[in-house]
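Engineer: Next comes the structure file coords38.cif, holding mmCIF, C-alpha atoms.
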```
data_query
loop_
_atom_site.group_PDB
_atom_site.id
_atom_site.type_symbol
_atom_site.label_atom_id
_atom_site.label_comp_id
_atom_site.auth_asym_id
_atom_site.auth_seq_id
_atom_site.Cartn_x
_atom_site.Cartn_y
_atom_site.Cartn_z
ATOM 1 C CA MET J 21 3.444 -7.692 71.428
ATOM 2 C CA PRO J 22 0.238 -8.356 69.452
ATOM 3 C CA GLN J 23 -0.613 -11.984 68.832
ATOM 4 C CA PRO J 24 -0.793 -13.072 65.174
ATOM 5 C CA LYS J 25 -4.285 -13.659 63.881
ATOM 6 C CA PRO J 26 -5.197 -17.342 63.508
ATOM 7 C CA LEU J 27 -5.057 -18.658 59.971
ATOM 8 C CA ARG J 28 -8.404 -19.312 58.352
ATOM 9 C CA ASN J 29 -9.176 -22.290 56.178
ATOM 10 C CA VAL J 30 -9.944 -21.483 52.546
ATOM 11 C CA LEU J 31 -12.272 -23.302 50.173
ATOM 12 C CA TYR J 32 -11.310 -22.211 46.651
ATOM 13 C CA ILE J 33 -14.072 -23.300 44.254
ATOM 14 C CA MET J 34 -13.695 -23.246 40.479
ATOM 15 C CA CYS J 35 -16.260 -24.274 37.853
ATOM 16 C CA ASP J 36 -15.109 -25.038 34.331
ATOM 17 C CA GLN J 37 -16.637 -22.920 31.535
ATOM 18 C CA LEU J 38 -19.200 -21.222 33.785
ATOM 19 C CA ARG J 39 -19.984 -17.827 32.279
ATOM 20 C CA ARG J 40 -20.648 -15.010 34.709
ATOM 21 C CA ASP J 41 -23.597 -13.726 32.676
ATOM 22 C CA TYR J 42 -25.325 -17.083 33.220
ATOM 23 C CA LEU J 43 -25.564 -16.489 36.971
ATOM 24 C CA SER J 44 -28.569 -14.778 38.479
ATOM 25 C CA CYS J 45 -26.344 -12.564 40.662
ATOM 26 C CA TYR J 46 -25.018 -11.077 37.405
ATOM 27 C CA GLY J 47 -28.502 -10.448 36.082
ATOM 28 C CA HIS J 48 -29.504 -13.455 33.981
ATOM 29 C CA ALA J 49 -33.212 -13.141 33.276
ATOM 30 C CA HIS J 50 -34.126 -16.809 33.752
ATOM 31 C CA LEU J 51 -31.427 -18.891 35.414
ATOM 32 C CA HIS J 52 -31.458 -19.116 39.205
ATOM 33 C CA THR J 53 -28.199 -19.801 41.049
ATOM 34 C CA PRO J 54 -29.136 -19.137 44.705
ATOM 35 C CA ASN J 55 -26.080 -20.700 46.354
ATOM 36 C CA ILE J 56 -23.606 -18.817 44.185
ATOM 37 C CA ASP J 57 -25.699 -15.666 44.696
ATOM 38 C CA ARG J 58 -25.429 -16.118 48.467
ATOM 39 C CA LEU J 59 -21.652 -16.347 48.236
ATOM 40 C CA ALA J 60 -21.565 -13.268 46.023
ATOM 41 C CA ALA J 61 -23.752 -11.304 48.454
ATOM 42 C CA ALA J 62 -21.433 -12.160 51.351
ATOM 43 C CA GLY J 63 -18.236 -11.362 49.487
ATOM 44 C CA VAL J 64 -16.932 -9.419 46.505
ATOM 45 C CA ARG J 65 -18.402 -9.698 43.017
ATOM 46 C CA PHE J 66 -16.149 -8.565 40.192
ATOM 47 C CA SER J 67 -17.587 -6.928 37.103
ATOM 48 C CA ARG J 68 -14.360 -6.374 35.151
ATOM 49 C CA ALA J 69 -12.416 -9.618 35.583
ATOM 50 C CA TYR J 70 -11.345 -11.472 32.456
ATOM 51 C CA THR J 71 -10.005 -14.940 31.795
ATOM 52 C CA GLN J 72 -6.418 -14.899 30.602
ATOM 53 C CA GLY J 73 -6.719 -17.858 28.232
ATOM 54 C CA THR J 74 -9.515 -19.384 26.177
ATOM 55 C CA ILE J 75 -8.267 -22.949 26.805
ATOM 56 C CA CYS J 76 -8.508 -24.871 30.112
ATOM 57 C CA GLY J 77 -4.813 -25.364 30.823
ATOM 58 C CA PRO J 78 -3.536 -21.839 30.120
ATOM 59 C CA SER J 79 -6.470 -20.230 31.947
ATOM 60 C CA ARG J 80 -5.936 -22.385 35.019
ATOM 61 C CA MET J 81 -2.212 -21.722 35.156
ATOM 62 C CA SER J 82 -2.935 -17.991 35.108
ATOM 63 C CA ALA J 83 -5.351 -18.437 38.015
ATOM 64 C CA TYR J 84 -2.790 -20.460 39.984
ATOM 65 C CA THR J 85 0.210 -18.205 39.297
ATOM 66 C CA GLY J 86 -1.417 -14.776 38.937
ATOM 67 C CA ARG J 87 0.459 -14.291 35.672
ATOM 68 C CA TYR J 88 -0.393 -13.780 32.018
ATOM 69 C CA VAL J 89 -0.198 -16.721 29.613
ATOM 70 C CA SER J 90 2.693 -14.999 27.860
ATOM 71 C CA SER J 91 4.550 -15.004 31.204
ATOM 72 C CA HIS J 92 3.935 -18.525 32.494
ATOM 73 C CA GLN J 93 4.275 -19.979 28.951
ATOM 74 C CA VAL J 94 1.478 -22.576 29.156
ATOM 75 C CA ALA J 95 -0.067 -21.706 25.801
ATOM 76 C CA TRP J 96 -2.153 -24.874 25.309
ATOM 77 C CA ASN J 97 -3.440 -27.951 27.099
ATOM 78 C CA ALA J 98 -0.782 -30.551 27.967
ATOM 79 C CA VAL J 99 1.926 -27.871 28.008
ATOM 80 C CA PRO J 100 3.774 -28.120 31.357
ATOM 81 C CA LEU J 101 4.276 -25.166 33.667
ATOM 82 C CA PRO J 102 7.953 -24.152 34.020
ATOM 83 C CA LEU J 103 9.266 -25.428 37.350
ATOM 84 C CA GLU J 104 10.372 -21.956 38.411
ATOM 85 C CA GLU J 105 6.801 -20.616 38.223
ATOM 86 C CA LEU J 106 5.303 -20.380 41.720
ATOM 87 C CA THR J 107 1.647 -21.154 42.361
ATOM 88 C CA ILE J 108 -0.837 -20.782 45.212
ATOM 89 C CA GLY J 109 0.476 -23.933 46.839
ATOM 90 C CA ASP J 110 4.087 -22.790 46.618
ATOM 91 C CA TYR J 111 3.241 -19.538 48.385
ATOM 92 C CA LEU J 112 1.112 -21.106 51.135
ATOM 93 C CA ARG J 113 3.138 -24.243 51.908
ATOM 94 C CA PRO J 114 5.987 -22.395 53.734
ATOM 95 C CA HIS J 115 3.373 -21.002 56.141
ATOM 96 C CA GLY J 116 2.255 -24.477 57.187
ATOM 97 C CA ILE J 117 -0.929 -24.412 55.104
ATOM 98 C CA ARG J 118 -1.857 -27.630 53.338
ATOM 99 C CA THR J 119 -2.932 -26.660 49.815
ATOM 100 C CA ALA J 120 -4.931 -29.589 48.492
ATOM 101 C CA LEU J 121 -6.789 -30.364 45.289
ATOM 102 C CA VAL J 122 -10.087 -32.130 44.739
ATOM 103 C CA GLY J 123 -11.104 -32.147 41.087
ATOM 104 C CA LYS J 124 -9.564 -30.813 37.914
ATOM 105 C CA THR J 125 -6.350 -28.860 37.255
ATOM 106 C CA HIS J 126 -5.157 -29.910 33.775
ATOM 107 C CA ALA J 127 -1.622 -29.817 35.203
ATOM 108 C CA THR J 128 0.978 -31.626 33.095
ATOM 109 C CA PRO J 129 4.271 -32.865 34.605
ATOM 110 C CA ASN J 130 7.317 -31.065 33.229
ATOM 111 C CA LEU J 131 9.248 -34.268 32.529
ATOM 112 C CA GLU J 132 11.937 -32.598 30.445
ATOM 113 C CA ALA J 133 12.805 -30.136 33.212
ATOM 114 C CA LEU J 134 12.727 -32.857 35.868
ATOM 115 C CA GLN J 135 15.112 -34.969 33.817
ATOM 116 C CA ARG J 136 17.446 -32.015 33.366
ATOM 117 C CA LEU J 137 17.541 -31.537 37.161
ATOM 118 C CA HIS J 138 17.952 -35.293 37.784
ATOM 119 C CA ILE J 139 14.646 -35.508 39.672
ATOM 120 C CA ASP J 140 12.756 -38.792 39.484
ATOM 121 C CA PRO J 141 9.245 -37.850 38.163
ATOM 122 C CA ASP J 142 7.732 -40.544 40.406
ATOM 123 C CA SER J 143 9.507 -39.360 43.548
ATOM 124 C CA GLU J 144 8.044 -37.548 46.534
ATOM 125 C CA GLN J 145 10.176 -34.525 45.620
ATOM 126 C CA ALA J 146 8.555 -34.324 42.185
ATOM 127 C CA GLU J 147 4.959 -34.709 43.381
ATOM 128 C CA PRO J 148 4.214 -31.004 44.134
ATOM 129 C CA LEU J 149 6.027 -30.038 40.920
ATOM 130 C CA ASN J 150 3.903 -32.447 38.880
ATOM 131 C CA GLU J 151 0.723 -31.086 40.481
ATOM 132 C CA VAL J 152 1.696 -27.380 40.122
ATOM 133 C CA GLY J 153 2.038 -26.898 43.857
ATOM 134 C CA PHE J 154 -1.086 -28.734 44.991
ATOM 135 C CA ASP J 155 -1.364 -31.764 47.234
ATOM 136 C CA ALA J 156 -3.531 -33.885 44.934
ATOM 137 C CA TYR J 157 -5.929 -35.388 47.473
ATOM 138 C CA PHE J 158 -8.249 -36.449 44.659
ATOM 139 C CA ARG J 159 -7.466 -35.399 41.101
ATOM 140 C CA HIS J 160 -10.401 -35.792 38.742
ATOM 141 C CA ASP J 161 -9.753 -34.203 35.337
ATOM 142 C CA GLY J 162 -12.844 -35.220 33.407
ATOM 143 C CA ILE J 163 -14.279 -37.707 30.967
ATOM 144 C CA TYR J 164 -11.978 -39.628 28.652
ATOM 145 C CA PRO J 165 -13.293 -40.118 25.101
ATOM 146 C CA ASP J 166 -14.626 -43.498 24.042
ATOM 147 C CA SER J 167 -11.472 -44.358 22.113
ATOM 148 C CA PRO J 168 -8.848 -47.126 22.499
ATOM 149 C CA LEU J 169 -6.212 -44.389 22.782
ATOM 150 C CA PHE J 170 -7.559 -43.485 26.241
ATOM 151 C CA GLU J 171 -8.170 -46.989 27.583
ATOM 152 C CA ASP J 172 -5.403 -46.848 30.204
ATOM 153 C CA LYS J 173 -6.510 -43.454 31.517
ATOM 154 C CA ARG J 174 -10.158 -44.525 31.655
ATOM 155 C CA GLU J 175 -9.299 -47.614 33.639
ATOM 156 C CA SER J 176 -7.126 -45.678 36.099
ATOM 157 C CA ALA J 177 -9.855 -43.093 36.801
ATOM 158 C CA PRO J 178 -11.494 -43.723 40.220
ATOM 159 C CA TYR J 179 -14.851 -42.473 38.942
ATOM 160 C CA THR J 180 -14.889 -45.304 36.388
ATOM 161 C CA HIS J 181 -14.666 -47.877 39.182
ATOM 162 C CA TYR J 182 -17.130 -45.964 41.372
ATOM 163 C CA LEU J 183 -19.752 -46.124 38.637
ATOM 164 C CA ARG J 184 -19.209 -49.828 38.124
ATOM 165 C CA GLU J 185 -19.593 -50.402 41.868
ATOM 166 C CA LYS J 186 -22.953 -48.617 41.638
ATOM 167 C CA GLY J 187 -24.093 -50.933 38.837
ATOM 168 C CA TYR J 188 -23.250 -48.830 35.783
ATOM 169 C CA ASP J 189 -21.506 -51.315 33.531
ATOM 170 C CA GLY J 190 -19.605 -50.918 30.261
ATOM 171 C CA THR J 191 -16.066 -50.281 29.066
ATOM 172 C CA ASN J 192 -16.482 -46.524 29.545
ATOM 173 C CA PRO J 193 -19.288 -45.919 32.091
ATOM 174 C CA TRP J 194 -18.224 -42.299 32.498
ATOM 175 C CA HIS J 195 -19.201 -41.710 28.885
ATOM 176 C CA GLU J 196 -22.008 -44.257 28.537
ATOM 177 C CA TRP J 197 -23.883 -43.259 31.723
ATOM 178 C CA ALA J 198 -22.721 -39.944 33.186
ATOM 179 C CA ASN J 199 -22.445 -38.119 29.858
ATOM 180 C CA ALA J 200 -25.026 -39.858 27.698
ATOM 181 C CA ALA J 201 -28.797 -40.211 27.483
ATOM 182 C CA ALA J 202 -30.965 -43.182 26.523
ATOM 183 C CA GLY J 203 -32.771 -43.317 23.187
ATOM 184 C CA GLU J 204 -36.271 -44.657 22.596
ATOM 185 C CA ASN J 205 -34.896 -48.154 22.094
ATOM 186 C CA GLY J 206 -32.347 -47.960 24.894
ATOM 187 C CA GLU J 207 -29.470 -46.928 22.657
ATOM 188 C CA VAL J 208 -26.751 -44.682 24.103
ATOM 189 C CA LEU J 209 -27.026 -41.070 22.915
ATOM 190 C CA SER J 210 -23.754 -39.255 23.529
ATOM 191 C CA GLY J 211 -23.668 -35.834 25.136
ATOM 192 C CA TRP J 212 -20.604 -34.792 23.149
ATOM 193 C CA LYS J 213 -20.778 -31.810 20.809
ATOM 194 C CA MET J 214 -23.883 -30.309 22.443
ATOM 195 C CA ARG J 215 -26.236 -32.920 21.031
ATOM 196 C CA ASN J 216 -28.956 -34.592 23.141
ATOM 197 C CA ALA J 217 -28.583 -31.973 25.912
ATOM 198 C CA GLY J 218 -32.363 -31.821 26.353
ATOM 199 C CA LEU J 219 -32.468 -35.427 27.542
ATOM 200 C CA PRO J 220 -31.555 -36.649 31.040
ATOM 201 C CA ALA J 221 -28.210 -38.338 31.547
ATOM 202 C CA ARG J 222 -28.477 -42.058 32.212
ATOM 203 C CA VAL J 223 -26.739 -41.683 35.586
ATOM 204 C CA ALA J 224 -28.745 -40.884 38.722
ATOM 205 C CA GLU J 225 -28.219 -37.395 40.126
ATOM 206 C CA ALA J 226 -26.728 -38.833 43.335
ATOM 207 C CA HIS J 227 -24.000 -40.569 41.315
ATOM 208 C CA SER J 228 -23.140 -37.736 38.925
ATOM 209 C CA GLU J 229 -19.556 -36.520 38.630
ATOM 210 C CA THR J 230 -20.468 -33.228 40.354
ATOM 211 C CA VAL J 231 -21.913 -34.934 43.431
ATOM 212 C CA TYR J 232 -19.046 -37.426 43.413
ATOM 213 C CA THR J 233 -16.482 -34.595 43.408
ATOM 214 C CA THR J 234 -18.323 -32.756 46.203
ATOM 215 C CA ASP J 235 -18.341 -35.907 48.326
ATOM 216 C CA ARG J 236 -14.581 -36.246 47.952
ATOM 217 C CA ALA J 237 -14.145 -32.630 49.086
ATOM 218 C CA ILE J 238 -16.296 -33.314 52.154
ATOM 219 C CA ASP J 239 -14.117 -36.350 52.874
ATOM 220 C CA PHE J 240 -11.034 -34.131 52.814
ATOM 221 C CA ILE J 241 -12.508 -31.484 55.112
ATOM 222 C CA ARG J 242 -13.670 -34.071 57.642
ATOM 223 C CA GLU J 243 -10.200 -35.609 57.775
ATOM 224 C CA GLN J 244 -8.448 -32.363 58.686
ATOM 225 C CA ALA J 245 -7.359 -31.754 62.261
ATOM 226 C CA GLU J 246 -5.278 -28.801 63.451
ATOM 227 C CA GLN J 247 -3.299 -27.924 60.331
ATOM 228 C CA PRO J 248 -4.812 -25.014 58.396
ATOM 229 C CA TRP J 249 -5.743 -25.808 54.818
ATOM 230 C CA CYS J 250 -6.653 -24.329 51.462
ATOM 231 C CA LEU J 251 -8.751 -26.725 49.410
ATOM 232 C CA HIS J 252 -9.054 -26.136 45.682
ATOM 233 C CA LEU J 253 -12.406 -27.713 44.801
ATOM 234 C CA SER J 254 -12.401 -27.718 41.024
ATOM 235 C CA TYR J 255 -15.525 -28.932 39.225
ATOM 236 C CA ILE J 256 -15.533 -30.399 35.732
ATOM 237 C CA LYS J 257 -19.003 -29.137 34.881
ATOM 238 C CA PRO J 258 -20.505 -27.218 33.165
ATOM 239 C CA HIS J 259 -17.723 -28.021 30.676
ATOM 240 C CA TRP J 260 -19.113 -30.084 27.798
ATOM 241 C CA PRO J 261 -20.417 -32.759 27.217
ATOM 242 C CA TYR J 262 -23.542 -30.701 27.892
ATOM 243 C CA ILE J 263 -25.867 -33.171 29.525
ATOM 244 C CA ALA J 264 -27.242 -33.369 33.061
ATOM 245 C CA PRO J 265 -29.154 -35.953 35.102
ATOM 246 C CA ALA J 266 -32.794 -35.530 36.027
ATOM 247 C CA PRO J 267 -34.294 -33.287 37.290
ATOM 248 C CA TYR J 268 -31.741 -30.686 36.211
ATOM 249 C CA HIS J 269 -31.961 -31.475 32.496
ATOM 250 C CA ALA J 270 -35.523 -30.088 32.395
ATOM 251 C CA LEU J 271 -35.118 -26.898 34.428
ATOM 252 C CA TYR J 272 -34.390 -24.704 31.407
ATOM 253 C CA GLY J 273 -34.818 -24.833 27.655
ATOM 254 C CA ALA J 274 -33.742 -23.049 24.517
ATOM 255 C CA GLU J 275 -36.177 -20.241 25.259
ATOM 256 C CA HIS J 276 -34.132 -19.314 28.342
ATOM 257 C CA ILE J 277 -30.908 -18.697 26.423
ATOM 258 C CA GLN J 278 -30.089 -15.028 26.124
ATOM 259 C CA ALA J 279 -29.527 -13.631 22.662
ATOM 260 C CA PRO J 280 -25.817 -13.582 21.762
ATOM 261 C CA ILE J 281 -23.993 -10.308 21.293
ATOM 262 C CA GLN J 282 -23.383 -10.139 17.566
ATOM 263 C CA PRO J 283 -20.282 -8.297 16.324
ATOM 264 C CA GLU J 284 -20.814 -5.586 13.749
ATOM 265 C CA HIS J 285 -18.440 -7.315 11.368
ATOM 266 C CA THR J 286 -17.756 -11.050 11.107
ATOM 267 C CA SER J 287 -14.050 -11.784 10.952
ATOM 268 C CA ASP J 288 -12.707 -13.752 7.993
ATOM 269 C CA HIS J 289 -9.667 -14.866 9.979
ATOM 270 C CA PRO J 290 -9.053 -18.591 9.271
ATOM 271 C CA VAL J 291 -9.199 -19.456 13.002
ATOM 272 C CA TYR J 292 -12.699 -17.981 13.308
ATOM 273 C CA GLN J 293 -13.744 -19.644 10.067
ATOM 274 C CA ALA J 294 -12.600 -23.012 11.426
ATOM 275 C CA PHE J 295 -14.577 -22.527 14.635
ATOM 276 C CA ARG J 296 -17.724 -21.669 12.667
ATOM 277 C CA GLN J 297 -17.380 -24.921 10.716
ATOM 278 C CA HIS J 298 -17.246 -27.119 13.840
ATOM 279 C CA GLN J 299 -20.208 -29.499 14.138
ATOM 280 C CA GLU J 300 -21.350 -27.806 17.352
ATOM 281 C CA SER J 301 -21.400 -24.434 15.581
ATOM 282 C CA VAL J 302 -23.553 -25.605 12.658
ATOM 283 C CA ASN J 303 -27.333 -25.666 13.062
#
```
So, in terms of structure tokens, how does the structure I just supplied come out?

Structural biologist:
Amino acid sequence: MPQPKPLRNVLYIMCDQLRRDYLSCYGHAHLHTPNIDRLAAAGVRFSRAYTQGTICGPSRMSAYTGRYVSSHQVAWNAVPLPLEELTIGDYLRPHGIRTALVGKTHATPNLEALQRLHIDPDSEQAEPLNEVGFDAYFRHDGIYPDSPLFEDKRESAPYTHYLREKGYDGTNPWHEWANAAAGENGEVLSGWKMRNAGLPARVAEAHSETVYTTDRAIDFIREQAEQPWCLHLSYIKPHWPYIAPAPYHALYGAEHIQAPIQPEHTSDHPVYQAFRQHQESVN
């Protein structure tokens, strides 16, 4: 009787808002992405794969479930996935594979469904349901705006405390250092809304959120013993705020941006009109 093949560990990497046509392996004329190119050369590169949702949450739930947005019903951020929807973790867990998360998922607990089933949302039973099937080794969903409404979430974010330990002070160091530049007089210049992207972030490259997330993934891998694993390493960047620490802020400029594909006719639909009136869309 043939012996079953040993299970291989899987590192499932996702980058938020990274366009395929801004990778050199897809033919960008200026940008160089050698590490991603190396992965593409050793594997399969798709040329007709399309995101299923334009918003973070719906798109991610499609990636995790393999289903259309209209099927899994997560139509917007902060909309919970139905408990009956199975994800990567749900499929792998019965085979003894630890399916862990380091980084961002945008998963929202389905509190209403848990209550209906008399499941305590803070219980061990609810944990994989709250994290859409993942073992959240280190969840890291992104910057919280500099608003009193997000004070509790900012203070509970490990990256906030990491930055303070490294000497980056302030009520919101994630915003004030990692996603902001310094003005001529030392003032904080926010990276929100695509402004100030040509300046270096105030944080050192070694302490950026990308390096920080990578380090947590390395911690996870080093801790694993015999149990096979699938690690979802999910980066926040290059999702806006569009600002990067030195030396990366100066690698490319406006002259390296490829000309956009202009539609023959501009839609007058009110949704498109609203997008065109956003501050980041106005010159």

Engineer: Point out the residue among J:Cys76, J:Ile33, J:Leu38, J:Ile139 with the least atom-to-atom distance to Leu103 in chain J, counting only C-alpha atoms.

Structural biologist: J:Ile139

Engineer: For His276 in chain J, which residue out of J:His48, J:Gln37, J:Arg65, J:Leu31 is the nearest one, using all atoms listed in the file?

Structural biologist: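 Under the stated criterion, the closest residue is J:His48.
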
Engineer: List as a tab-separated table every residue of range 159-212 of chain J that is in contact with range 116-133 of chain J, defined as an atom at most 6 Å from one of its atoms (using all atoms listed in the file), together with the nearest atom pair and the distance in Å rounded to one decimal, sorted by chain and then rising number.

Structural biologist:
```
residue	atom	partner	partner_atom	distance
J:Arg159	CA	J:Gly123	CA	4.9
J:His160	CA	J:Gly123	CA	4.4
J:Asp161	CA	J:Lys124	CA	4.3
```

Engineer: Work out how far apart CA of Ala221 in chain J and CA of Glu196 in chain J are and give it in Å to one decimal.

Structural biologist: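 About the pair CA of Ala221 in chain J and CA of Glu196 in chain J: they are 9.1 Å apart.
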
Engineer: Just the residues within 10 Å of Gln299 in chain J, please, counting only C-alpha atoms, with nothing from its chain fewer than 3 positions along; format it as a list in words.

Structural biologist: Lys213, Met214, Arg215, Phe295, Arg296, Val302 and Asn303 of chain J

Engineer: How would the residues just picked look written out with C-alpha atoms as a short mmCIF file (atom, residue, chain, number, x, y, z; two decimals), in the coordinates of the input?

Structural biologist:
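Saved result, result-v5.cif, follows:
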```
data_model
loop_
_atom_site.label_atom_id
_atom_site.label_comp_id
_atom_site.auth_asym_id
_atom_site.auth_seq_id
_atom_site.Cartn_x
_atom_site.Cartn_y
_atom_site.Cartn_z
CA LYS J 213 -20.78 -31.81 20.81
CA MET J 214 -23.88 -30.31 22.44
CA ARG J 215 -26.24 -32.92 21.03
CA PHE J 295 -14.58 -22.53 14.64
CA ARG J 296 -17.72 -21.67 12.67
CA VAL J 302 -23.55 -25.60 12.66
CA ASN J 303 -27.33 -25.67 13.06
#
```

Engineer: So what do you get for CA of Glu225 in chain J versus CA of Arg242 in chain J, distance-wise?

Structural biologist: 23.0 Å

Engineer: Near range 80-94 of chain J, within 6 Å and counting all atoms listed in the file, which residues show up once chain neighbours fewer than 3 positions away are dropped, as a ChimeraX atom specification?

Structural biologist: /J:77,99,101,107-108

Engineer: Closest to Phe240 in chain J among J:Tyr255, J:Tyr157, J:Trp96, J:Tyr32, using only C-alpha atoms?

Structural biologist: J:Tyr157

Engineer: Would you compute the distance between CA of Pro193 in chain J and CA of Thr180 in chain J? Give it in Å to one decimal.

Structural biologist: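 Here the two named atoms are 6.2 Å from each other.
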
Engineer: Leu43 in chain J: which residues within 8 Å, counting all atoms listed in the file, same-chain residues fewer than 5 positions away excluded, as a PyMOL selection string?

Structural biologist: chain J and resi 48+51-53+56-57

Engineer: Quick check on the file I pasted: which residues fall under the PyMOL selection byres ((chain J and resi 192) around 9)? Write them as a PyMOL selection string.

Structural biologist: chain J and resi 164-166+171+174-175+180+189-191+193-197

Engineer: Nearest to Ala226 in chain J: which of J:Gly63, J:Pro168, J:Pro267, J:Gly203 is it, counting all atoms listed in the file?

Structural biologist: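 Looking only at the distances to Ala226 in chain J, the closest residue turns out to be J:Pro267.
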
Engineer: Would you mind completing range 204-226 of chain J to N, CA and C atoms and writing the output as a PDB file, keeping the file's coordinate frame?

Structural biologist:
```pdb
ATOM      1  N   GLU J 204     -34.972 -43.993  22.464  1.00  0.00           N
ATOM      2  CA  GLU J 204     -36.271 -44.657  22.596  1.00  0.00           C
ATOM      3  C   GLU J 204     -36.131 -46.169  22.685  1.00  0.00           C
ATOM      4  N   ASN J 205     -35.108 -46.707  22.074  1.00  0.00           N
ATOM      5  CA  ASN J 205     -34.896 -48.154  22.094  1.00  0.00           C
ATOM      6  C   ASN J 205     -33.748 -48.564  23.016  1.00  0.00           C
ATOM      7  N   GLY J 206     -33.394 -47.659  23.940  1.00  0.00           N
ATOM      8  CA  GLY J 206     -32.347 -47.960  24.894  1.00  0.00           C
ATOM      9  C   GLY J 206     -30.947 -47.707  24.399  1.00  0.00           C
ATOM     10  N   GLU J 207     -30.808 -47.188  23.187  1.00  0.00           N
ATOM     11  CA  GLU J 207     -29.470 -46.928  22.657  1.00  0.00           C
ATOM     12  C   GLU J 207     -28.828 -45.749  23.395  1.00  0.00           C
ATOM     13  N   VAL J 208     -27.501 -45.735  23.425  1.00  0.00           N
ATOM     14  CA  VAL J 208     -26.751 -44.682  24.103  1.00  0.00           C
ATOM     15  C   VAL J 208     -26.630 -43.468  23.190  1.00  0.00           C
ATOM     16  N   LEU J 209     -27.094 -42.320  23.671  1.00  0.00           N
ATOM     17  CA  LEU J 209     -27.026 -41.070  22.915  1.00  0.00           C
ATOM     18  C   LEU J 209     -25.996 -40.163  23.579  1.00  0.00           C
ATOM     19  N   SER J 210     -24.871 -39.984  22.940  1.00  0.00           N
ATOM     20  CA  SER J 210     -23.754 -39.255  23.529  1.00  0.00           C
ATOM     21  C   SER J 210     -24.087 -37.787  23.773  1.00  0.00           C
ATOM     22  N   GLY J 211     -23.511 -37.254  24.840  1.00  0.00           N
ATOM     23  CA  GLY J 211     -23.668 -35.834  25.136  1.00  0.00           C
ATOM     24  C   GLY J 211     -22.590 -34.967  24.516  1.00  0.00           C
ATOM     25  N   TRP J 212     -21.661 -35.572  23.779  1.00  0.00           N
ATOM     26  CA  TRP J 212     -20.604 -34.792  23.149  1.00  0.00           C
ATOM     27  C   TRP J 212     -21.184 -33.850  22.096  1.00  0.00           C
ATOM     28  N   LYS J 213     -20.490 -32.775  21.882  1.00  0.00           N
ATOM     29  CA  LYS J 213     -20.778 -31.810  20.809  1.00  0.00           C
ATOM     30  C   LYS J 213     -22.163 -31.196  20.911  1.00  0.00           C
ATOM     31  N   MET J 214     -22.645 -31.038  22.155  1.00  0.00           N
ATOM     32  CA  MET J 214     -23.883 -30.309  22.443  1.00  0.00           C
ATOM     33  C   MET J 214     -25.123 -30.943  21.838  1.00  0.00           C
ATOM     34  N   ARG J 215     -25.058 -32.226  21.520  1.00  0.00           N
ATOM     35  CA  ARG J 215     -26.236 -32.920  21.031  1.00  0.00           C
ATOM     36  C   ARG J 215     -26.882 -33.671  22.198  1.00  0.00           C
ATOM     37  N   ASN J 216     -28.188 -33.831  22.153  1.00  0.00           N
ATOM     38  CA  ASN J 216     -28.956 -34.592  23.141  1.00  0.00           C
ATOM     39  C   ASN J 216     -28.986 -33.941  24.522  1.00  0.00           C
ATOM     40  N   ALA J 217     -28.642 -32.645  24.616  1.00  0.00           N
ATOM     41  CA  ALA J 217     -28.583 -31.973  25.912  1.00  0.00           C
ATOM     42  C   ALA J 217     -29.958 -31.831  26.561  1.00  0.00           C
ATOM     43  N   GLY J 218     -31.024 -31.938  25.779  1.00  0.00           N
ATOM     44  CA  GLY J 218     -32.363 -31.821  26.353  1.00  0.00           C
ATOM     45  C   GLY J 218     -32.849 -33.080  27.036  1.00  0.00           C
ATOM     46  N   LEU J 219     -32.085 -34.149  26.930  1.00  0.00           N
ATOM     47  CA  LEU J 219     -32.468 -35.427  27.542  1.00  0.00           C
ATOM     48  C   LEU J 219     -31.714 -35.631  28.848  1.00  0.00           C
ATOM     49  N   PRO J 220     -32.257 -36.409  29.783  1.00  0.00           N
ATOM     50  CA  PRO J 220     -31.555 -36.649  31.040  1.00  0.00           C
ATOM     51  C   PRO J 220     -30.409 -37.628  30.857  1.00  0.00           C
ATOM     52  N   ALA J 221     -29.313 -37.385  31.556  1.00  0.00           N
ATOM     53  CA  ALA J 221     -28.210 -38.338  31.547  1.00  0.00           C
ATOM     54  C   ALA J 221     -28.680 -39.652  32.152  1.00  0.00           C
ATOM     55  N   ARG J 222     -28.070 -40.728  31.747  1.00  0.00           N
ATOM     56  CA  ARG J 222     -28.477 -42.058  32.212  1.00  0.00           C
ATOM     57  C   ARG J 222     -28.119 -42.278  33.687  1.00  0.00           C
ATOM     58  N   VAL J 223     -27.167 -41.517  34.199  1.00  0.00           N
ATOM     59  CA  VAL J 223     -26.739 -41.683  35.586  1.00  0.00           C
ATOM     60  C   VAL J 223     -27.734 -40.994  36.522  1.00  0.00           C
ATOM     61  N   ALA J 224     -27.907 -41.540  37.711  1.00  0.00           N
ATOM     62  CA  ALA J 224     -28.745 -40.884  38.722  1.00  0.00           C
ATOM     63  C   ALA J 224     -28.027 -39.640  39.245  1.00  0.00           C
ATOM     64  N   GLU J 225     -28.803 -38.650  39.648  1.00  0.00           N
ATOM     65  CA  GLU J 225     -28.219 -37.395  40.126  1.00  0.00           C
ATOM     66  C   GLU J 225     -27.245 -37.634  41.272  1.00  0.00           C
ATOM     67  N   ALA J 226     -27.562 -38.563  42.167  1.00  0.00           N
ATOM     68  CA  ALA J 226     -26.728 -38.833  43.335  1.00  0.00           C
ATOM     69  C   ALA J 226     -25.376 -39.420  42.972  1.00  0.00           C
TER      70      ALA J 226
END
```
